[in-house]
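Below is upload31.cif, which holds mmCIF, C-alpha atoms.
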```cif
data_input
#
loop_
_atom_site.group_PDB
_atom_site.id
_atom_site.type_symbol
_atom_site.label_atom_id
_atom_site.label_comp_id
_atom_site.auth_asym_id
_atom_site.auth_seq_id
_atom_site.Cartn_x
_atom_site.Cartn_y
_atom_site.Cartn_z
ATOM 1 C CA MET Z 1 -54.117 -7.400 -5.978
ATOM 2 C CA THR Z 2 -56.890 -9.185 -7.866
ATOM 3 C CA GLN Z 3 -58.838 -11.668 -5.751
ATOM 4 C CA GLU Z 4 -62.125 -13.485 -5.840
ATOM 5 C CA PRO Z 5 -64.703 -11.716 -3.651
ATOM 6 C CA GLY Z 6 -65.065 -14.826 -1.447
ATOM 7 C CA LEU Z 7 -61.325 -15.084 -0.848
ATOM 8 C CA GLU Z 8 -61.060 -11.371 -0.107
ATOM 9 C CA ASN Z 9 -63.733 -11.767 2.590
ATOM 10 C CA VAL Z 10 -61.815 -14.692 4.088
ATOM 11 C CA ILE Z 11 -58.631 -12.568 4.166
ATOM 12 C CA ARG Z 12 -60.540 -9.751 5.920
ATOM 13 C CA GLN Z 13 -61.856 -12.223 8.507
ATOM 14 C CA ARG Z 14 -58.368 -13.647 9.056
ATOM 15 C CA ILE Z 15 -56.871 -10.190 9.633
ATOM 16 C CA ARG Z 16 -59.592 -9.240 12.111
ATOM 17 C CA SER Z 17 -59.513 -12.616 13.904
ATOM 18 C CA LEU Z 18 -55.719 -12.611 14.242
ATOM 19 C CA ARG Z 19 -55.803 -9.035 15.525
ATOM 20 C CA LEU Z 20 -58.502 -9.828 18.094
ATOM 21 C CA ALA Z 21 -56.791 -13.078 19.144
ATOM 22 C CA ARG Z 22 -53.781 -10.974 20.135
ATOM 23 C CA GLY Z 23 -56.017 -8.549 22.003
ATOM 24 C CA TRP Z 24 -54.979 -5.662 19.763
ATOM 25 C CA SER Z 25 -57.048 -2.642 18.867
ATOM 26 C CA LEU Z 26 -56.997 -1.218 15.351
ATOM 27 C CA ASP Z 27 -54.585 1.424 16.671
ATOM 28 C CA ALA Z 28 -52.198 -1.241 18.020
ATOM 29 C CA LEU Z 29 -52.099 -3.146 14.722
ATOM 30 C CA ALA Z 30 -51.822 0.097 12.752
ATOM 31 C CA ALA Z 31 -48.737 1.095 14.739
ATOM 32 C CA ARG Z 32 -47.122 -2.287 14.042
ATOM 33 C CA CYS Z 33 -47.767 -2.301 10.283
ATOM 34 C CA HIS Z 34 -47.432 1.463 9.634
ATOM 35 C CA LEU Z 35 -50.940 1.916 8.225
ATOM 36 C CA SER Z 36 -53.592 4.237 9.570
ATOM 37 C CA PRO Z 37 -56.289 2.801 11.850
ATOM 38 C CA SER Z 38 -58.952 4.068 9.427
ATOM 39 C CA THR Z 39 -57.305 2.179 6.528
ATOM 40 C CA LEU Z 40 -57.239 -1.024 8.599
ATOM 41 C CA SER Z 41 -60.853 -0.508 9.614
ATOM 42 C CA ARG Z 42 -61.927 -0.091 5.978
ATOM 43 C CA ILE Z 43 -59.921 -3.206 5.000
ATOM 44 C CA GLU Z 44 -61.526 -5.300 7.757
ATOM 45 C CA THR Z 45 -65.060 -4.075 6.988
ATOM 46 C CA GLY Z 46 -64.782 -4.424 3.213
ATOM 47 C CA HIS Z 47 -64.997 -0.712 2.460
ATOM 48 C CA ARG Z 48 -61.564 -0.799 0.859
ATOM 49 C CA ARG Z 49 -59.930 -3.258 -1.551
ATOM 50 C CA ILE Z 50 -56.890 -5.019 -0.149
ATOM 51 C CA ALA Z 51 -53.601 -4.190 -1.880
ATOM 52 C CA LEU Z 52 -50.498 -6.382 -1.822
ATOM 53 C CA ASP Z 53 -48.382 -3.539 -0.437
ATOM 54 C CA GLN Z 54 -50.780 -3.462 2.538
ATOM 55 C CA LEU Z 55 -50.942 -7.231 3.064
ATOM 56 C CA VAL Z 56 -47.188 -7.723 3.458
ATOM 57 C CA PRO Z 57 -46.798 -5.433 6.510
ATOM 58 C CA ILE Z 58 -50.111 -6.657 7.965
ATOM 59 C CA ALA Z 59 -48.970 -10.300 7.705
ATOM 60 C CA ARG Z 60 -45.593 -9.437 9.232
ATOM 61 C CA ALA Z 61 -47.222 -7.516 12.098
ATOM 62 C CA LEU Z 62 -49.589 -10.428 12.786
ATOM 63 C CA ASP Z 63 -46.642 -12.866 12.822
ATOM 64 C CA THR Z 64 -47.949 -14.902 9.909
ATOM 65 C CA THR Z 65 -46.895 -15.339 6.304
ATOM 66 C CA LEU Z 66 -48.450 -13.755 3.266
ATOM 67 C CA ASP Z 67 -49.121 -17.278 1.941
ATOM 68 C CA GLN Z 68 -51.085 -18.205 5.060
ATOM 69 C CA LEU Z 69 -53.031 -14.963 4.997
ATOM 70 C CA VAL Z 70 -54.131 -15.332 1.352
ATOM 71 C CA GLU Z 71 -54.457 -19.129 1.289
ATOM 72 C CA SER Z 72 -57.626 -20.127 -0.530
ATOM 73 C CA PRO Z 73 -60.164 -21.931 1.665
ATOM 74 C CA SER Z 74 -60.042 -25.614 0.853
ATOM 75 C CA ASP Z 75 -63.122 -27.624 0.034
ATOM 76 C CA GLU Z 76 -61.399 -30.895 0.901
ATOM 77 C CA ASP Z 77 -63.059 -33.232 3.317
ATOM 78 C CA VAL Z 78 -62.040 -32.369 6.874
ATOM 79 C CA VAL Z 79 -62.917 -35.815 8.229
ATOM 80 C CA ILE Z 80 -60.006 -38.254 8.356
ATOM 81 C CA ARG Z 81 -61.000 -41.888 7.892
ATOM 82 C CA PRO Z 82 -57.983 -43.844 9.086
ATOM 83 C CA GLU Z 83 -57.355 -47.382 7.887
ATOM 84 C CA PRO Z 84 -55.813 -49.702 10.490
ATOM 85 C CA GLN Z 85 -52.254 -50.916 9.854
ATOM 86 C CA ARG Z 86 -51.226 -54.000 11.864
ATOM 87 C CA HIS Z 87 -47.776 -55.357 12.651
ATOM 88 C CA HIS Z 88 -45.843 -56.698 15.655
ATOM 89 C CA GLY Z 89 -48.840 -56.636 18.029
ATOM 90 C CA ILE Z 90 -49.614 -52.973 17.264
ATOM 91 C CA THR Z 91 -52.552 -51.622 15.260
ATOM 92 C CA THR Z 92 -52.015 -48.046 14.097
ATOM 93 C CA TRP Z 93 -54.483 -45.476 12.784
ATOM 94 C CA LEU Z 94 -52.956 -42.333 11.241
ATOM 95 C CA LEU Z 95 -54.985 -39.339 12.459
ATOM 96 C CA SER Z 96 -53.247 -36.649 10.414
ATOM 97 C CA ARG Z 97 -52.831 -36.262 6.695
ATOM 98 C CA GLU Z 98 -49.366 -36.469 5.216
ATOM 99 C CA GLY Z 99 -47.837 -33.008 5.189
ATOM 100 C CA SER Z 100 -50.763 -31.362 6.995
ATOM 101 C CA LEU Z 101 -48.691 -30.789 10.140
ATOM 102 C CA PRO Z 102 -45.150 -30.163 8.876
ATOM 103 C CA GLY Z 103 -42.718 -32.615 10.451
ATOM 104 C CA VAL Z 104 -45.346 -34.190 12.710
ATOM 105 C CA THR Z 105 -47.608 -37.244 12.503
ATOM 106 C CA VAL Z 106 -50.467 -37.960 14.915
ATOM 107 C CA ALA Z 107 -51.409 -41.610 15.388
ATOM 108 C CA LYS Z 108 -53.609 -43.739 17.603
ATOM 109 C CA MET Z 109 -52.094 -47.109 18.493
ATOM 110 C CA ARG Z 110 -53.624 -50.216 20.047
ATOM 111 C CA ILE Z 111 -50.937 -52.398 21.594
ATOM 112 C CA THR Z 112 -51.753 -56.016 22.427
ATOM 113 C CA ASP Z 113 -48.279 -57.562 22.753
ATOM 114 C CA GLU Z 114 -47.256 -57.759 26.431
ATOM 115 C CA THR Z 115 -43.831 -59.330 25.893
ATOM 116 C CA PRO Z 116 -41.012 -57.097 27.218
ATOM 117 C CA ILE Z 117 -38.316 -56.309 24.639
ATOM 118 C CA ALA Z 118 -34.801 -57.636 25.275
ATOM 119 C CA ALA Z 119 -32.378 -54.817 26.198
ATOM 120 C CA ASP Z 120 -30.266 -55.449 23.083
ATOM 121 C CA ARG Z 121 -33.358 -54.975 20.857
ATOM 122 C CA LEU Z 122 -34.433 -51.559 22.184
ATOM 123 C CA GLY Z 123 -34.557 -48.992 19.398
ATOM 124 C CA VAL Z 124 -32.841 -45.623 19.095
ATOM 125 C CA HIS Z 125 -33.509 -42.810 16.628
ATOM 126 C CA PRO Z 126 -33.064 -39.020 16.615
ATOM 127 C CA GLY Z 127 -35.826 -36.840 18.043
ATOM 128 C CA HIS Z 128 -38.355 -36.843 20.841
ATOM 129 C CA GLU Z 129 -41.533 -38.788 21.407
ATOM 130 C CA TRP Z 130 -44.757 -37.952 23.191
ATOM 131 C CA PHE Z 131 -47.779 -40.138 23.870
ATOM 132 C CA THR Z 132 -50.774 -40.202 26.170
ATOM 133 C CA VAL Z 133 -52.467 -43.392 27.305
ATOM 134 C CA LEU Z 134 -56.161 -43.501 26.405
ATOM 135 C CA SER Z 135 -56.870 -46.886 28.018
ATOM 136 C CA GLY Z 136 -54.908 -49.656 29.719
ATOM 137 C CA THR Z 137 -51.289 -49.433 30.816
ATOM 138 C CA VAL Z 138 -48.120 -49.078 28.730
ATOM 139 C CA ARG Z 139 -44.831 -50.669 29.740
ATOM 140 C CA LEU Z 140 -42.263 -48.101 28.582
ATOM 141 C CA GLN Z 141 -38.704 -49.385 28.513
ATOM 142 C CA LEU Z 142 -36.138 -46.552 28.566
ATOM 143 C CA GLY Z 143 -32.592 -47.889 28.718
ATOM 144 C CA ASP Z 144 -32.417 -49.973 31.890
ATOM 145 C CA ARG Z 145 -35.606 -48.456 33.367
ATOM 146 C CA THR Z 146 -39.132 -49.828 33.011
ATOM 147 C CA ILE Z 147 -41.906 -47.307 33.583
ATOM 148 C CA ARG Z 148 -45.644 -47.990 33.725
ATOM 149 C CA VAL Z 149 -47.735 -45.260 32.129
ATOM 150 C CA GLU Z 150 -51.402 -45.499 33.147
ATOM 151 C CA ALA Z 151 -54.573 -44.313 31.393
ATOM 152 C CA GLY Z 152 -54.788 -40.530 31.589
ATOM 153 C CA GLN Z 153 -51.025 -40.111 31.928
ATOM 154 C CA ALA Z 154 -48.551 -39.022 29.249
ATOM 155 C CA ALA Z 155 -44.871 -39.641 28.584
ATOM 156 C CA GLN Z 156 -42.261 -37.565 26.775
ATOM 157 C CA PHE Z 157 -38.662 -38.617 26.221
ATOM 158 C CA SER Z 158 -35.623 -38.351 23.990
ATOM 159 C CA THR Z 159 -35.624 -41.159 21.464
ATOM 160 C CA MET Z 160 -31.841 -41.258 21.562
ATOM 161 C CA THR Z 161 -32.401 -43.274 24.756
ATOM 162 C CA PRO Z 162 -32.866 -46.952 23.834
ATOM 163 C CA HIS Z 163 -36.616 -47.492 24.126
ATOM 164 C CA ALA Z 164 -39.642 -49.669 23.403
ATOM 165 C CA PHE Z 165 -43.227 -49.855 24.581
ATOM 166 C CA THR Z 166 -45.554 -52.804 25.067
ATOM 167 C CA ALA Z 167 -48.904 -53.410 26.742
ATOM 168 C CA TYR Z 168 -48.993 -54.250 30.437
ATOM 169 C CA GLY Z 169 -51.877 -56.268 31.939
ATOM 170 C CA GLY Z 170 -53.952 -56.313 28.757
ATOM 171 C CA PRO Z 171 -54.425 -54.287 25.577
ATOM 172 C CA THR Z 172 -53.728 -50.570 25.718
ATOM 173 C CA GLU Z 173 -54.463 -47.627 23.439
ATOM 174 C CA ILE Z 174 -52.315 -44.523 23.082
ATOM 175 C CA LEU Z 175 -52.388 -41.275 21.147
ATOM 176 C CA SER Z 176 -48.911 -40.427 19.906
ATOM 177 C CA ILE Z 177 -47.317 -37.403 18.269
ATOM 178 C CA LEU Z 178 -44.268 -38.425 16.262
ATOM 179 C CA ASP Z 179 -41.645 -36.342 14.496
ATOM 180 C CA ARG Z 180 -40.284 -37.511 11.114
ATOM 181 C CA ASP Z 181 -37.732 -39.833 12.702
ATOM 182 C CA GLY Z 182 -40.339 -41.308 15.035
ATOM 183 C CA GLN Z 183 -42.724 -41.832 12.132
ATOM 184 C CA ARG Z 184 -40.065 -43.751 10.202
ATOM 185 C CA ALA Z 185 -39.170 -45.859 13.249
ATOM 186 C CA HIS Z 186 -42.688 -46.615 14.495
ATOM 187 C CA LEU Z 187 -45.046 -46.550 11.549
ATOM 188 C CA GLN Z 188 -43.103 -48.248 8.748
ATOM 189 C CA PRO Z 189 -43.598 -52.020 8.810
ATOM 190 C CA ALA Z 190 -40.409 -53.977 8.532
ATOM 191 C CA ASP Z 191 -39.646 -57.634 9.262
ATOM 192 C CA ASN Z 192 -36.880 -56.810 11.731
ATOM 193 C CA GLN Z 193 -38.454 -53.736 13.333
ATOM 194 C CA THR Z 194 -38.725 -53.692 17.105
ATOM 195 C CA ARG Z 195 -41.612 -51.986 18.888
ATOM 196 C CA ASN Z 196 -39.730 -48.787 19.661
#
```
If you took the structure in this file and wrote it as structure tokens, what would it be?
Amino acid sequence: MTQEPGLENVIRQRIRSLRLARGWSLDALAARCHLSPSTLSRIETGHRRIALDQLVPIARALDTTLDQLVESPSDEDVVIRPEPQRHHGITTWLLSREGSLPGVTVAKMRITDETPIAADRLGVHPGHEWFTVLSGTVRLQLGDRTIRVEAGQAAQFSTMTPHAFTAYGGPTEILSILDRDGQRAHLQPADNQTRN
């Protein structure tokens, strides 16, 4: 396998770090990937070139993919500079890049609207939702229940239950993790969208 010297060093570090994170000795990893401990030691220390036929069983033994193991280090900016999006009394800042966390979006939301949502306007979509309250109090409407979620608390629920959230007693801020369905329901502005 032909690699740039810098990338090969990164691969060596990944192998060693993944092995140590699992608490495995060289012998333990060697037994799992059917290589000798001395071969693994020479790979990790740079005294041996890494061959593709060695990387495949190493990746499998470390419960990762070959792609992840040999992924080139990215020089992209690691700082996310979210732009606020405002609609229906909610300001949203996306805190994850599109596609960076497969199937998941992380967002911070500031909710100022305190008006409860009529029961016939509660939203439903496939999936689950999770949020934690950073400040203030959230009024979470789940079907016929109304639940107050205070700062420092979190909520998790099936989004197949009719639901909506609004502020209670003043503005509130939450950190939310949304699956694809939740992202479409909560982060796409639409004229008729409810705050679910």
Could you name the residues that touch stretch 101-110 of chain Z at 7 Å or less, counting only C-alpha atoms, but leaving out those on the same chain fewer than 2 positions away, as a ChimeraX atom specification? /Z:90-96,99,112,171-180,183
Would you save the residues of that selection, restricted to C-alpha atoms, as a PDB file, in the frame of the given file?
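Written file, out23.pdb:
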```
ATOM      1  CA  ILE Z  90     -49.614 -52.973  17.264  1.00  0.00           C
ATOM      2  CA  THR Z  91     -52.552 -51.622  15.260  1.00  0.00           C
ATOM      3  CA  THR Z  92     -52.015 -48.046  14.097  1.00  0.00           C
ATOM      4  CA  TRP Z  93     -54.483 -45.476  12.784  1.00  0.00           C
ATOM      5  CA  LEU Z  94     -52.956 -42.333  11.241  1.00  0.00           C
ATOM      6  CA  LEU Z  95     -54.985 -39.339  12.459  1.00  0.00           C
ATOM      7  CA  SER Z  96     -53.247 -36.649  10.414  1.00  0.00           C
ATOM      8  CA  GLY Z  99     -47.837 -33.008   5.189  1.00  0.00           C
ATOM      9  CA  THR Z 112     -51.753 -56.016  22.427  1.00  0.00           C
ATOM     10  CA  PRO Z 171     -54.425 -54.287  25.577  1.00  0.00           C
ATOM     11  CA  THR Z 172     -53.728 -50.570  25.718  1.00  0.00           C
ATOM     12  CA  GLU Z 173     -54.463 -47.627  23.439  1.00  0.00           C
ATOM     13  CA  ILE Z 174     -52.315 -44.523  23.082  1.00  0.00           C
ATOM     14  CA  LEU Z 175     -52.388 -41.275  21.147  1.00  0.00           C
ATOM     15  CA  SER Z 176     -48.911 -40.427  19.906  1.00  0.00           C
ATOM     16  CA  ILE Z 177     -47.317 -37.403  18.269  1.00  0.00           C
ATOM     17  CA  LEU Z 178     -44.268 -38.425  16.262  1.00  0.00           C
ATOM     18  CA  ASP Z 179     -41.645 -36.342  14.496  1.00  0.00           C
ATOM     19  CA  ARG Z 180     -40.284 -37.511  11.114  1.00  0.00           C
ATOM     20  CA  GLN Z 183     -42.724 -41.832  12.132  1.00  0.00           C
TER      21      GLN Z 183
END
```
Residues matched by the PyMOL selection byres ((chain Z and resi 45) around 12), written as a compact mmCIF listing (two decimals) with C-alpha atoms, keeping the file's coordinate frame:
```
# COMPACT_ATOMS: atom_id res chain seq x y z
CA GLU Z 8 -61.06 -11.37 -0.11
CA ASN Z 9 -63.73 -11.77 2.59
CA VAL Z 10 -61.82 -14.69 4.09
CA ILE Z 11 -58.63 -12.57 4.17
CA ARG Z 12 -60.54 -9.75 5.92
CA GLN Z 13 -61.86 -12.22 8.51
CA ARG Z 14 -58.37 -13.65 9.06
CA ILE Z 15 -56.87 -10.19 9.63
CA ARG Z 16 -59.59 -9.24 12.11
CA LEU Z 26 -57.00 -1.22 15.35
CA SER Z 38 -58.95 4.07 9.43
CA THR Z 39 -57.30 2.18 6.53
CA LEU Z 40 -57.24 -1.02 8.60
CA SER Z 41 -60.85 -0.51 9.61
CA ARG Z 42 -61.93 -0.09 5.98
CA ILE Z 43 -59.92 -3.21 5.00
CA GLU Z 44 -61.53 -5.30 7.76
CA GLY Z 46 -64.78 -4.42 3.21
CA HIS Z 47 -65.00 -0.71 2.46
CA ARG Z 48 -61.56 -0.80 0.86
CA ARG Z 49 -59.93 -3.26 -1.55
CA ILE Z 50 -56.89 -5.02 -0.15
```
Please list as a compact mmCIF listing (two decimals) with C-alpha atoms, in the coordinates of the input every residue within 9 Å of Z:His34, counting only C-alpha atoms and excluding residues in the same chain fewer than 3 positions away.
```
# COMPACT_ATOMS: atom_id res chain seq x y z
CA LEU Z 29 -52.10 -3.15 14.72
CA ALA Z 30 -51.82 0.10 12.75
CA ALA Z 31 -48.74 1.10 14.74
CA PRO Z 57 -46.80 -5.43 6.51
CA ILE Z 58 -50.11 -6.66 7.96
```
Could you state the separation of atom CA of Z:Ile80 and atom CA of Z:Gly152 in Å, given to one decimal place?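 These two atoms are separated by 23.9 Å.
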Would you mind reading off the distance between atom CA of Z:Leu134 and atom CA of Z:Arg121, one decimal, in Å? 26.1 Å
Please enumerate the residues selected by the PyMOL selection byres ((chain Z and resi 138-141) around 8) when evaluated against the supplied file, formatted as an mmCIF file with C-alpha atoms, keeping the file's coordinate frame.
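Output file part_25.cif is given in full below:
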```cif
data_model
loop_
_atom_site.group_PDB
_atom_site.id
_atom_site.type_symbol
_atom_site.label_atom_id
_atom_site.label_comp_id
_atom_site.auth_asym_id
_atom_site.auth_seq_id
_atom_site.Cartn_x
_atom_site.Cartn_y
_atom_site.Cartn_z
ATOM 1 C CA PRO Z 116 -41.012 -57.097 27.218
ATOM 2 C CA ILE Z 117 -38.316 -56.309 24.639
ATOM 3 C CA LEU Z 122 -34.433 -51.559 22.184
ATOM 4 C CA VAL Z 133 -52.467 -43.392 27.305
ATOM 5 C CA GLY Z 136 -54.908 -49.656 29.719
ATOM 6 C CA THR Z 137 -51.289 -49.433 30.816
ATOM 7 C CA LEU Z 142 -36.138 -46.552 28.566
ATOM 8 C CA GLY Z 143 -32.592 -47.889 28.718
ATOM 9 C CA ASP Z 144 -32.417 -49.973 31.890
ATOM 10 C CA ARG Z 145 -35.606 -48.456 33.367
ATOM 11 C CA THR Z 146 -39.132 -49.828 33.011
ATOM 12 C CA ILE Z 147 -41.906 -47.307 33.583
ATOM 13 C CA ARG Z 148 -45.644 -47.990 33.725
ATOM 14 C CA VAL Z 149 -47.735 -45.260 32.129
ATOM 15 C CA GLU Z 150 -51.402 -45.499 33.147
ATOM 16 C CA PRO Z 162 -32.866 -46.952 23.834
ATOM 17 C CA HIS Z 163 -36.616 -47.492 24.126
ATOM 18 C CA ALA Z 164 -39.642 -49.669 23.403
ATOM 19 C CA PHE Z 165 -43.227 -49.855 24.581
ATOM 20 C CA THR Z 166 -45.554 -52.804 25.067
ATOM 21 C CA ALA Z 167 -48.904 -53.410 26.742
ATOM 22 C CA TYR Z 168 -48.993 -54.250 30.437
ATOM 23 C CA THR Z 172 -53.728 -50.570 25.718
#
```
Which one is closest to Z:Arg19: Z:Ala59, Z:Ala154, Z:Leu7, Z:Leu52? Count all atoms listed in the file.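 Under the stated criterion, the closest residue is Z:Ala59.
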Can you tell me, as JSON, the centre and edge lengths (Å, one decimal) of the axis-aligned box enclosing all of stretch 53-57 of chain Z's listed atoms after padding each side by 8 Å?
```
{"center_x": -48.9, "center_y": -5.6, "center_z": 3.0, "size_x": 20.1, "size_y": 20.3, "size_z": 22.9}
```
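Atom CA of Z:Val124 is positioned 19.0 Å from atom CA of Z:His87.
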